[in-house]
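Novice: I am attaching a structure below and will ask some questions about it afterwards.
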Amino acid sequence: MPEAAAFSSVFPHLFPDALEVVIDVPRLGFIKRDDAGHVDFISPLPCPFNYGSVPNTLSGDGDREDAVVLGAALPRGTAVRVPVVARVDFVDAGLPDPKWICSFSPLSDADRRLVSAFFGFYAHSKGVLNRVRGKSGVTRYGGLQLPGQST
């Protein structure tokens with residue numbers, strides 16, 4: 001099965017069964033780095049899940065596609081293959097930047113609320129940071145999509 005880029009860019013309504021995710025920010029971490037390893041974002045709150053990226057993909061912002069892995073903290077640099085349970089529709093500085101939600105367990109209602117609350121807050125914070133950095137274009141959280149939902 002092709003990696004995430006083929007699905008999110010060409011067929012946004014399709015989901016891969018599973019993805020390899022490399023962890024960039026362990027659960028409860030504060031520092032998000034870009035693909036080159038430079039600090040991209042320091043959160044005022046700890047990330048409630050493992051935040052990483054999918055190798056061999058490319059998102060609208062020029063970086064690899066983002067993915068979160070629900071569950072226990074994983075060390076930075078860990079590569080893990082995890083089932084995909086949802087996708088966050090996200091726009092960063094006017095560019096599509098979806099986030100894959102991955103978990104070895106089914107997505108609970110509490111997980112859905114946490115993911116939605118986090119990415120709503122993240123969109124606001126990243127939008128402020130983008131304006132400070134001189135980037136134009138809207139930054140917004142567009143909702144949580146589950147496999148089988150139409151877009």
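Residues in the structure tokens are numbered from 1 in each chain, the chains being A, B, ... in the order shown, and ligands are numbered from 1 in the order shown.
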Report the residues of chain A whose backbone DSSP state falls under alpha helix (DSSP H), written as a PyMOL selection string.
Specialist: chain A and resi 4-5+109-132
Novice: Find the residues of range 12-40 of chain A that sit at most 12 Å from range 101-106 of chain A; for each, write down the nearest two atoms and how far apart they are in Å, to one decimal. Count only C-alpha atoms. Sort by chain, then by number going up, and give it as JSON lines.
Specialist:
```
{"residue": "A:Phe15", "atom": "CA", "partner": "A:Ile101", "partner_atom": "CA", "distance": 10.5}
{"residue": "A:Pro16", "atom": "CA", "partner": "A:Cys102", "partner_atom": "CA", "distance": 10.6}
{"residue": "A:Asp17", "atom": "CA", "partner": "A:Cys102", "partner_atom": "CA", "distance": 9.7}
{"residue": "A:Ala18", "atom": "CA", "partner": "A:Cys102", "partner_atom": "CA", "distance": 7.7}
{"residue": "A:Leu19", "atom": "CA", "partner": "A:Cys102", "partner_atom": "CA", "distance": 7.9}
{"residue": "A:Glu20", "atom": "CA", "partner": "A:Cys102", "partner_atom": "CA", "distance": 9.7}
{"residue": "A:Val21", "atom": "CA", "partner": "A:Cys102", "partner_atom": "CA", "distance": 8.8}
{"residue": "A:Val22", "atom": "CA", "partner": "A:Cys102", "partner_atom": "CA", "distance": 11.9}
{"residue": "A:Ile23", "atom": "CA", "partner": "A:Cys102", "partner_atom": "CA", "distance": 11.9}
```
Novice: Keeping N, CA and C atoms for every residue in the selection just given, could you write it to a file as an mmCIF file, in the first residue's frame?
Specialist:
```cif
data_model
loop_
_atom_site.group_PDB
_atom_site.id
_atom_site.type_symbol
_atom_site.label_atom_id
_atom_site.label_comp_id
_atom_site.auth_asym_id
_atom_site.auth_seq_id
_atom_site.Cartn_x
_atom_site.Cartn_y
_atom_site.Cartn_z
ATOM 1 N N PHE A 15 -7.776 6.338 3.539
ATOM 2 C CA PHE A 15 -6.836 6.222 4.648
ATOM 3 C C PHE A 15 -5.988 4.969 4.452
ATOM 4 N N PRO A 16 -4.683 5.057 4.692
ATOM 5 C CA PRO A 16 -3.874 3.830 4.715
ATOM 6 C C PRO A 16 -4.247 3.022 5.956
ATOM 7 N N ASP A 17 -4.017 1.732 5.929
ATOM 8 C CA ASP A 17 -4.301 0.896 7.106
ATOM 9 C C ASP A 17 -3.358 1.217 8.255
ATOM 10 N N ALA A 18 -2.077 1.423 7.935
ATOM 11 C CA ALA A 18 -1.061 1.698 8.955
ATOM 12 C C ALA A 18 0.052 2.519 8.319
ATOM 13 N N LEU A 19 0.815 3.212 9.162
ATOM 14 C CA LEU A 19 1.940 4.027 8.705
ATOM 15 C C LEU A 19 3.136 3.823 9.620
ATOM 16 N N GLU A 20 4.322 3.996 9.056
ATOM 17 C CA GLU A 20 5.520 4.083 9.881
ATOM 18 C C GLU A 20 5.628 5.535 10.335
ATOM 19 N N VAL A 21 5.774 5.730 11.634
ATOM 20 C CA VAL A 21 5.876 7.070 12.212
ATOM 21 C C VAL A 21 7.190 7.157 12.972
ATOM 22 N N VAL A 22 7.946 8.231 12.731
ATOM 23 C CA VAL A 22 9.164 8.507 13.488
ATOM 24 C C VAL A 22 8.812 9.596 14.494
ATOM 25 N N ILE A 23 9.014 9.319 15.774
ATOM 26 C CA ILE A 23 8.624 10.241 16.835
ATOM 27 C C ILE A 23 9.603 11.406 16.917
#
```
Novice: Rank A:Ala86, A:Leu107, A:Cys47, A:Leu70 by their smallest atom-to-atom distance to Phe121 in chain A, using only C-alpha atoms, and report the top residue only.
Specialist: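 Ranking A:Ala86, A:Leu107, A:Cys47, A:Leu70 by distance to Phe121 in chain A, first place goes to A:Cys47.
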Novice: Please provide as a PyMOL selection string all residues within 12 Å of Ala67 in chain A, with the sequence filter that same-chain residues fewer than 4 positions apart are discarded (counting only C-alpha atoms).
Specialist: chain A and resi 4-5+18-25+49-55+57+59+63+79-90+97-103+115
Novice: In Å, with one decimal, what is the gap from CA of Ser43 in chain A to CA of Ile31 in chain A?
Specialist: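 Those two atoms sit 6.4 Å apart.
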Novice: Rounded to one decimal, what separation in Å do you get between CA of Pro48 in chain A and CA of Gly143 in chain A?
Specialist: 17.6 Å
